[in-house]
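*Asks:* Before I ask anything, here is the structure I am working with.
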Amino acid sequence: MNASTETTAARAGLERLLADRSITEVMLAVPDLQGRLLGKLFNAQVFLERMTGGAEMCSYILATDIDMTPLDTFDFTGWDQGFGDFLVKPDLDHVRSLPHRPGTALVFGTPVHDDTSPVTVAPRHMLTTHLERLRELGYEMKVGVEVEFVLLADGPHGQAPAWSANLDYGLLHPPVVSDFFDDLGEALSDAGIVREAFKTEGAAGQCEVTLAYDDALAVCDDYTVFRHIVVEIAGRHGMTLVFMAAPETGVGSGLHLHLSLWNEQGDPAFVHHRGQELPPVMDRSAAGLISALPHMAPLYAPAVNSYKRYRPHSFAPTRFNWGFDHRGCAVRATGHGAGAHLEVRLAGADANVYLALAAYTAAIAHGLKEKLPLRPPCDGDAYQDRDSVPLYADLPEGLAYFEHSTVAELLLGKDVVRHYSHAARAEITWFRAQVTDAERQRGIR
């Protein structure tokens, strides 16, 4: 089946849903720089009649901070260009229903320029580009997503964690937890998102959700829809959901991505058994991650807060190292036999999953292409591993390496480095102008 036939079939599927009144509106959505879905809600009939070739949206949706402030002087948009529109072409092969919004179909969109070429800095397009480069080397990637977040509830003194106890691995949950998990599980199931597990964590109000292992792009789409759904489910329970890397001093929430490669015959390329050396493909993939990821920090640690998660003995890494089943390392080789894989523990809950995985995929392809050697694994305290490169202390340090890196420019392209350097610089500038609660606490005596 060619692309035109597939698109026709997808359109026919939408028409059937419209005919039996299952769908009354279409949400055309683009993942923004923060990993949120932005876009428009169309009348379904109008969408099918007029918008299957694309719809106009303001280009600033790929040029804002977390507060939706328009950021100036990007290459393709800004005040000097009037923040004009770009065309968003619907990906009709990736249509899904949103059960928490009955009658709504979600369609992912790809922003394109006037000449119909894709906007290269769009996060979802970046990931597809690097997955294609990996495919040219003979490999497909499969991914599992594991994310931590904190739930806040209104209390007599304002918002506070929805529960205060350490419920790590707990199976006797208070009603506030059980009811939330029940409703979230039902919504995800109805949306066709396969979740592997729910888990309460060690910090107050902290949860973990694991999405099932699958094709890389499909899992990232699932995760993005999950984030869209879970915020609404939390709101219906009177709670606020926090996707911060360090939501409180001493608390870290990660976005751990579990990666494996599969060859053109559909066989796993990371088959590994404990006590043996890594197979060559897994070895070079890990080497690429350790070698290239120091050059791409703003893609997986994009905020000032991101770097406050990197603390010794916190289960978040502090150095670019790897180890066998070692949760203190940046890269963890884990799993057994055909299930062996690499877990990258660098991204926090604030990361855009498409950008983080694009960086990881580019690094792995670099390791494979250049046949990079892998340094020995960490076999002791990962936080005392003086032979490995330390993670950056803050976003300004990570940005300095990123925007001047020949490796980042080679692997990602000049336009991507400029765009995300500009976004990181805007984040730093905003924070430098703020007086924080911590400053007030130390300064008011």
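In the structure tokens, the first chain shown is A, the next is B, and so on; residue numbers restart at 1 for each chain, and ligands run from 1 in the order shown.
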Produce a table with one row for each residue of stretch 322-428 of chain A that has an atom at most 7 Å from any atom of stretch 122-127 of chain A, each row naming the nearest atom pair and its distance in Å at one decimal; use only C-alpha atoms; arrange rows by chain and rising residue number; format as a Markdown table.

*Replies:*
```
| residue | atom | partner | partner_atom | distance |
| --- | --- | --- | --- | --- |
| A:Tyr354 | CA | A:Pro123 | CA | 5.5 |
| A:Leu355 | CA | A:Pro123 | CA | 5.6 |
| A:Leu357 | CA | A:Leu127 | CA | 6.8 |
| A:Ala358 | CA | A:Leu127 | CA | 4.6 |
```

*Asks:* Would you kindly return, as a PyMOL selection string, each protein, DNA or RNA residue with an atom no farther than 9 Å from any atom of A:Pro317, considering only C-alpha atoms and excluding same-chain residues fewer than 3 positions away?

*Replies:* chain A and resi 309-314+320-321+327-331+345-346+382-383+391

*Asks:* Just the strand (DSSP E or B) stuff from stretch 27-248 of chain A, please, per backbone DSSP, written as number ranges by chain.

*Replies:* A: 27-31, 37-43, 55-58, 64, 70, 85-97, 104-112, 118, 139-155, 158-161, 195-200, 206-215, 239-242, 248

*Asks:* Can you pull out the residues contacting stretch 161-178 of chain A? Cut-off 7 Å, using only C-alpha atoms, and skip same-chain residues under 4 positions away; I want them as JSON, numbers by chain.

*Replies:* {"A": [151, 152, 153, 182, 199, 200, 201, 202, 203, 204, 205]}

*Asks:* Keeping only N, CA, C and O atoms, write the selected residues to a file as a CSV table (one decimal), in the first residue's frame.

*Replies:*
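What landed in again38.csv:
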```
chain,number,residue,atom,x,y,z
A,151,LEU,N,1.5,14.8,42.3
A,151,LEU,CA,0.1,15.3,42.4
A,151,LEU,C,0.0,16.2,43.6
A,151,LEU,O,0.3,15.9,44.7
A,152,LEU,N,-0.6,17.4,43.4
A,152,LEU,CA,-0.9,18.4,44.4
A,152,LEU,C,-2.4,18.5,44.6
A,152,LEU,O,-3.1,18.4,43.6
A,153,ALA,N,-2.8,18.7,45.8
A,153,ALA,CA,-4.2,18.9,46.2
A,153,ALA,C,-4.4,20.2,47.0
A,153,ALA,O,-3.4,20.6,47.7
A,182,ASP,N,-7.6,4.4,38.9
A,182,ASP,CA,-8.7,3.8,38.2
A,182,ASP,C,-9.2,4.6,37.0
A,182,ASP,O,-9.4,4.1,35.9
A,199,LYS,N,2.6,3.0,39.6
A,199,LYS,CA,3.4,2.8,40.9
A,199,LYS,C,3.4,4.1,41.7
A,199,LYS,O,3.6,5.2,41.1
A,200,THR,N,3.2,4.0,43.0
A,200,THR,CA,3.5,5.2,43.8
A,200,THR,C,5.0,5.2,44.2
A,200,THR,O,5.6,4.1,44.2
A,201,GLU,N,5.5,6.4,44.4
A,201,GLU,CA,7.0,6.6,44.6
A,201,GLU,C,7.3,7.0,46.0
A,201,GLU,O,6.4,7.1,46.9
A,202,GLY,N,8.5,7.3,46.3
A,202,GLY,CA,9.0,7.6,47.6
A,202,GLY,C,8.7,9.0,48.1
A,202,GLY,O,8.7,9.2,49.3
A,203,ALA,N,8.5,9.9,47.2
A,203,ALA,CA,8.3,11.3,47.7
A,203,ALA,C,6.8,11.5,47.9
A,203,ALA,O,5.9,10.8,47.3
A,204,ALA,N,6.4,12.5,48.7
A,204,ALA,CA,5.0,12.8,48.9
A,204,ALA,C,4.3,13.2,47.6
A,204,ALA,O,4.8,14.0,46.8
A,205,GLY,N,3.2,12.5,47.4
A,205,GLY,CA,2.4,12.8,46.2
A,205,GLY,C,3.0,12.4,44.9
A,205,GLY,O,2.4,12.7,43.8
```

*Asks:* Neighbours of stretch 406-409 of chain A within 10 Å (only C-alpha atoms; same-chain residues fewer than 2 positions away dropped), as number ranges by chain?

*Replies:* A: 291-297, 359, 362-363, 366, 401-404, 411-418

*Asks:* Calculated over only C-alpha atoms, which of the candidates A:Phe198, A:Tyr60, A:Phe181, A:Phe315 has the smallest distance to A:Gln81?

*Replies:* A:Tyr60

*Asks:* Go through A:Thr429, A:Asn305, A:Thr224, A:Ser260 and flag the residue nearest A:Ala340, using only C-alpha atoms for the distances.

*Replies:*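 Once distances to A:Ala340 are computed over only C-alpha atoms, the minimum belongs to A:Ser260.
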
*Asks:* Return as a PyMOL selection string the full set of residues in stretch 29-262 of chain A whose backbone-based DSSP assignment is helix (DSSP H, G or I).

*Replies:* chain A and resi 44-51+59-62+79-81+123-136+175-190+216-236

*Asks:* Excluding A:Glu232 and any residue of its chain fewer than 3 positions from it, enumerate the residues within 12 Å of it, using only C-alpha atoms, and give them as a ChimeraX atom specification.

*Replies:* /A:98-101,180,183-184,187,225-229,235-241

*Asks:* Might you pull out every residue within 9 Å of A:His256, with only C-alpha atoms counted and same-chain residues fewer than 4 positions away left off, and present them as a list in words?

*Replies:*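 Counting only the stated atoms, we get Gly144, Val145, Glu146, Val147, Glu148, Glu343, Val344, Arg345, Leu346, Ala347, Gly348 and Ala349 of chain A.
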
*Asks:* Contacts of A:Arg375 at 10 Å or less, counting only C-alpha atoms, minus same-chain residues fewer than 4 places along, as a list in words?

*Replies:*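 Those residues are Asp283, Ala286, Ala287, Ile290, Ser291, Asn321, Trp322, Asp387 and Ser388 of chain A.
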